[in-house]
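Trainee: Before I ask anything, let me first share the structure, which is written out below as structure tokens.
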Amino acid sequence: MLDVKRRLRGNFTNGYQREQTTQYLKIGMGPTYLAPDSTYMWLLKPTFLNRGRGIEVFDNLENLVKLVQEYQEGHVEKMLNQKDSDEEEDPAIKMVQSAPTNKKPVDPNTYIRQQPSGPSIIKSHSFVVQKYIERPALINKRKFDIRVWGLLTHDLDAYFFPEGYIRTSSEDFSYNVDNQFVHLTNNAIQKYSTNYGQFEAGNQLSFKNYQDYLTSQNVQVNVKHLVNKMKERVWMVFSSIKNKINFEDRKYCFEIFGFDFILDSDHEVWLIEVNTNPCIEESSPLLACYLPRMIDDAFKLTLDVLFPPPVSTSSKQSFPQLMPQIKEESQTDFPVPGYQNDENMWFLLGSLTERIKKKKK
């Protein structure tokens with residue numbers, strides 16, 4: 001163990017070492033993190049990448065050391081396409097630098113968009129290592145996670161979108177760390193599986209679909225309660241970074257974030273990660289319904305407030321006077337079952353403006 005620690009420490013520069021005054025917390029491993037027939041699994045994620053790229057599942061420290069060394073030298077990205085397994089690999093493999101080498105702040109959205117697509121050599125010096133939940137809730141023996149959206153407006157108001165979607169894997173759950181189609185439910189990964197779309201359109205389900213499944217399995221769990229827990233955790237995340245968000249005080253900024261959750265075998269809600277630049281690909285009929293409404297309603301809370309749409313008025317009015325009329329005409333062109341067309345589906349969680357008030361004092 002000490003030898004492994006020394007080897008890992010040697011792979012990082014002094015800039016990544018903690019100060020001696022750092023206080024460590026003893027975190028106990030709950031039963032959901034362990035399973036009798038598994039080998040104690042973990043996830044390694046290079047930073048500044050998205051769509052599941054570069055994520056590795058490992059189950060021993062030797063593999064962790066090997067992966068860190070490979071990523072620092074240049075790790076060749078896995079070929080995932082099962083459907084065209086006879087095709088030869090593209091010889092023109094591109095280099096992906098997953099973390100900037102300079103210390104100047106970098107916009108992660110811009111950085112992610114600049115990364116080439118296709119098989120690449122990923123080079124990284126910074127990672128997230130995360131404990132794998134080894135006893136996840138399953139749908140027909142397959143793993144899944146949940147994507148929901150959060151919005152932070154230019155006024156630092158935090159919102160939660162009440163409808164998200166469930167992303168399912170294409171293969172039965174197992175503890176085989178080499179099979180990414182078992183463990184990583186990103187659509188960008190699953191679409192390469194030969195089983196993709198065979199169980200659900202786009203490997204995606206609505207919350208209602210999941211409630212129907214639980215009912216059919218005689219599982220006494222209310223999905224609405226799970227969504228409320230996710231809502232609470234989204235607000236906790238926003239509150240935790242209120243002193244760091246938009247630290248340069250740029251005006252008129254807003255962003256939609258993708259929050260990923262997973263349920264354990266006891267149906268407890270766990271936050272996996274928060275994504276900037278979340279995927280808005282309409283990869284299923286479900287997302288073709290949700291995404292336009294989600295984005296349109298977000299624009300009504302942000303862009304339309306700053307740039308009001310044309311209104312019929314015979315005389316010039318000040319901006320505050322126009323607001324009631326704007327709200328009255330906020331009908332949507334993107335209906336979602338269970339919601340009124342004249343309501344904004346985003347749920348207000350709270351405001352982070354206390355940070356601004358304290359800063360001014």
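The chains in the structure tokens are called A, B, ... from first to last as shown; in each chain the residues are counted from 1, and the ligands are counted from 1 in the order shown.
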Tell me, as a PyMOL selection string, which residues lie within 8 Å of segment 135-144 of chain A, counting only C-alpha atoms; anything in the same chain fewer than 3 positions away does not count.

Mentor: chain A and resi 32-35+166-173+182-183+185+213+262-267

Trainee: Quick one: write out the picked residues with N, CA, C and O atoms as a PDB file, in the first residue's frame?

Mentor:
```pdb
ATOM      1  N   THR A  32     -24.083   0.448   0.523  1.00  0.00           N
ATOM      2  CA  THR A  32     -24.391   0.585  -0.895  1.00  0.00           C
ATOM      3  C   THR A  32     -23.135   0.658  -1.764  1.00  0.00           C
ATOM      4  O   THR A  32     -23.184   0.443  -2.962  1.00  0.00           O
ATOM      5  N   TYR A  33     -21.995   0.991  -1.135  1.00  0.00           N
ATOM      6  CA  TYR A  33     -20.746   1.079  -1.891  1.00  0.00           C
ATOM      7  C   TYR A  33     -20.058  -0.272  -2.042  1.00  0.00           C
ATOM      8  O   TYR A  33     -19.043  -0.375  -2.731  1.00  0.00           O
ATOM      9  N   LEU A  34     -20.547  -1.273  -1.374  1.00  0.00           N
ATOM     10  CA  LEU A  34     -19.868  -2.568  -1.362  1.00  0.00           C
ATOM     11  C   LEU A  34     -20.843  -3.674  -1.723  1.00  0.00           C
ATOM     12  O   LEU A  34     -22.036  -3.580  -1.459  1.00  0.00           O
ATOM     13  N   ALA A  35     -20.321  -4.713  -2.328  1.00  0.00           N
ATOM     14  CA  ALA A  35     -21.127  -5.889  -2.638  1.00  0.00           C
ATOM     15  C   ALA A  35     -20.273  -7.129  -2.427  1.00  0.00           C
ATOM     16  O   ALA A  35     -19.079  -7.126  -2.737  1.00  0.00           O
ATOM     17  N   ILE A 166     -34.338   9.149 -17.509  1.00  0.00           N
ATOM     18  CA  ILE A 166     -33.537   8.025 -17.027  1.00  0.00           C
ATOM     19  C   ILE A 166     -32.732   7.470 -18.199  1.00  0.00           C
ATOM     20  O   ILE A 166     -33.275   7.242 -19.280  1.00  0.00           O
ATOM     21  N   ARG A 167     -31.434   7.281 -17.993  1.00  0.00           N
ATOM     22  CA  ARG A 167     -30.544   6.754 -19.027  1.00  0.00           C
ATOM     23  C   ARG A 167     -30.160   5.324 -18.650  1.00  0.00           C
ATOM     24  O   ARG A 167     -29.547   5.099 -17.611  1.00  0.00           O
ATOM     25  N   THR A 168     -30.506   4.388 -19.483  1.00  0.00           N
ATOM     26  CA  THR A 168     -30.276   2.981 -19.166  1.00  0.00           C
ATOM     27  C   THR A 168     -29.082   2.432 -19.934  1.00  0.00           C
ATOM     28  O   THR A 168     -28.732   2.917 -21.014  1.00  0.00           O
ATOM     29  N   SER A 169     -28.468   1.412 -19.364  1.00  0.00           N
ATOM     30  CA  SER A 169     -27.385   0.714 -20.059  1.00  0.00           C
ATOM     31  C   SER A 169     -27.973  -0.339 -20.983  1.00  0.00           C
ATOM     32  O   SER A 169     -29.145  -0.698 -20.882  1.00  0.00           O
ATOM     33  N   SER A 170     -27.155  -0.830 -21.874  1.00  0.00           N
ATOM     34  CA  SER A 170     -27.620  -1.773 -22.895  1.00  0.00           C
ATOM     35  C   SER A 170     -27.409  -3.228 -22.504  1.00  0.00           C
ATOM     36  O   SER A 170     -27.896  -4.120 -23.203  1.00  0.00           O
ATOM     37  N   GLU A 171     -26.681  -3.466 -21.423  1.00  0.00           N
ATOM     38  CA  GLU A 171     -26.364  -4.845 -21.044  1.00  0.00           C
ATOM     39  C   GLU A 171     -26.620  -5.058 -19.558  1.00  0.00           C
ATOM     40  O   GLU A 171     -26.608  -4.109 -18.771  1.00  0.00           O
ATOM     41  N   ASP A 172     -26.859  -6.312 -19.198  1.00  0.00           N
ATOM     42  CA  ASP A 172     -27.136  -6.649 -17.803  1.00  0.00           C
ATOM     43  C   ASP A 172     -25.981  -6.226 -16.904  1.00  0.00           C
ATOM     44  O   ASP A 172     -24.808  -6.312 -17.294  1.00  0.00           O
ATOM     45  N   PHE A 173     -26.334  -5.806 -15.699  1.00  0.00           N
ATOM     46  CA  PHE A 173     -25.318  -5.335 -14.767  1.00  0.00           C
ATOM     47  C   PHE A 173     -24.406  -6.476 -14.321  1.00  0.00           C
ATOM     48  O   PHE A 173     -24.850  -7.594 -14.059  1.00  0.00           O
ATOM     49  N   VAL A 182     -21.898  -1.656 -19.660  1.00  0.00           N
ATOM     50  CA  VAL A 182     -22.557  -2.026 -18.401  1.00  0.00           C
ATOM     51  C   VAL A 182     -22.588  -0.840 -17.444  1.00  0.00           C
ATOM     52  O   VAL A 182     -23.603  -0.587 -16.790  1.00  0.00           O
ATOM     53  N   HIS A 183     -21.498  -0.079 -17.403  1.00  0.00           N
ATOM     54  CA  HIS A 183     -21.299   0.894 -16.327  1.00  0.00           C
ATOM     55  C   HIS A 183     -21.588   2.336 -16.708  1.00  0.00           C
ATOM     56  O   HIS A 183     -22.010   3.112 -15.844  1.00  0.00           O
ATOM     57  N   THR A 185     -23.710   5.053 -18.692  1.00  0.00           N
ATOM     58  CA  THR A 185     -25.006   5.144 -19.363  1.00  0.00           C
ATOM     59  C   THR A 185     -25.122   6.339 -20.308  1.00  0.00           C
ATOM     60  O   THR A 185     -26.194   6.565 -20.879  1.00  0.00           O
ATOM     61  N   TYR A 213     -42.871   1.096 -13.975  1.00  0.00           N
ATOM     62  CA  TYR A 213     -42.024  -0.094 -13.799  1.00  0.00           C
ATOM     63  C   TYR A 213     -41.999  -0.515 -12.332  1.00  0.00           C
ATOM     64  O   TYR A 213     -42.154  -1.702 -12.008  1.00  0.00           O
ATOM     65  N   ILE A 262     -27.865   8.908  -9.225  1.00  0.00           N
ATOM     66  CA  ILE A 262     -28.035   7.464  -9.295  1.00  0.00           C
ATOM     67  C   ILE A 262     -28.771   7.008  -8.036  1.00  0.00           C
ATOM     68  O   ILE A 262     -28.667   7.656  -6.982  1.00  0.00           O
ATOM     69  N   LEU A 263     -29.522   5.932  -8.168  1.00  0.00           N
ATOM     70  CA  LEU A 263     -30.218   5.338  -7.038  1.00  0.00           C
ATOM     71  C   LEU A 263     -29.513   4.062  -6.630  1.00  0.00           C
ATOM     72  O   LEU A 263     -29.089   3.280  -7.499  1.00  0.00           O
ATOM     73  N   ASP A 264     -29.377   3.840  -5.329  1.00  0.00           N
ATOM     74  CA  ASP A 264     -28.810   2.576  -4.893  1.00  0.00           C
ATOM     75  C   ASP A 264     -29.938   1.548  -4.741  1.00  0.00           C
ATOM     76  O   ASP A 264     -31.108   1.835  -5.017  1.00  0.00           O
ATOM     77  N   SER A 265     -29.590   0.358  -4.299  1.00  0.00           N
ATOM     78  CA  SER A 265     -30.568  -0.727  -4.212  1.00  0.00           C
ATOM     79  C   SER A 265     -31.658  -0.443  -3.186  1.00  0.00           C
ATOM     80  O   SER A 265     -32.716  -1.089  -3.209  1.00  0.00           O
ATOM     81  N   ASP A 266     -31.424   0.525  -2.291  1.00  0.00           N
ATOM     82  CA  ASP A 266     -32.448   0.945  -1.334  1.00  0.00           C
ATOM     83  C   ASP A 266     -33.221   2.162  -1.831  1.00  0.00           C
ATOM     84  O   ASP A 266     -33.989   2.758  -1.076  1.00  0.00           O
ATOM     85  N   HIS A 267     -32.960   2.544  -3.086  1.00  0.00           N
ATOM     86  CA  HIS A 267     -33.593   3.704  -3.714  1.00  0.00           C
ATOM     87  C   HIS A 267     -33.272   5.014  -2.989  1.00  0.00           C
ATOM     88  O   HIS A 267     -34.088   5.928  -2.919  1.00  0.00           O
TER      89      HIS A 267
END
```

Trainee: Would you give me, as number ranges by chain, the residues in segment 263-308 of chain A that DSSP reads as strand (DSSP E or B)?

Mentor: A: 263-264, 269-275

Trainee: Excluding Ile146 of chain A and any residue of its chain fewer than 4 positions from it, enumerate the residues within 12 Å of it, using only C-alpha atoms, and give them as a ChimeraX atom specification.

Mentor: /A:137,163-169,184-186,203-207,210,223,226-227,230,258-264,269-274

Trainee: Just how far from atom CA of Lys131 of chain A is atom CA of Gln69 of chain A, in Å to one decimal?

Mentor: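 Atom-to-atom, atom CA of Gln69 of chain A and atom CA of Lys131 of chain A are spaced 19.9 Å apart.
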
Trainee: For Asn50 of chain A, which residue among A:Pro36, A:Thr276, A:Lys231, A:Ser174 is the nearest when counting only C-alpha atoms?

Mentor: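 Ranking A:Pro36, A:Thr276, A:Lys231, A:Ser174 by distance to Asn50 of chain A, first place goes to A:Thr276.
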
Trainee: For a quick check of understanding, using only C-alpha atoms, which of A:Pro46, A:Gly338, A:Gly350, A:Gly52 has the smallest distance to Gly74 of chain A?

Mentor: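 Under the stated criterion, the closest residue is A:Pro46.
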
Trainee: In Å, how far is it from atom CA of Tyr252 of chain A to atom CA of Ala158 of chain A?

Mentor: 14.4 Å

Trainee: Please, which residues of segment 92-292 of chain A, numbered as in this document, come out alpha helix (DSSP H) from DSSP, as a PyMOL selection string?

Mentor: chain A and resi 108-113+180-183+187-190+207-216+223-240+285-292

Trainee: Contacts of Cys253 of chain A at 12 Å or less, counting only C-alpha atoms, minus same-chain residues fewer than 5 places along, as JSON, numbers by chain?

Mentor: {"A": [151, 152, 153, 154, 155, 156, 157, 245, 246, 247, 248, 299, 301, 302, 303, 306]}

Trainee: Would you mind telling me which residue in A:Asn344, A:Ser240, A:Ser283, A:Ser126 lies nearest to Leu67 of chain A when using only C-alpha atoms?

Mentor: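 Checking each of A:Asn344, A:Ser240, A:Ser283, A:Ser126 against Leu67 of chain A, counting only C-alpha atoms, the winner is A:Ser126.
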
Trainee: Taking only C-alpha atoms into account, which of A:Asp212, A:Glu70, A:Glu268, A:Glu282 comes nearest His125 of chain A?

Mentor: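 That would be A:Glu70, the residue with the smallest distance to His125 of chain A.
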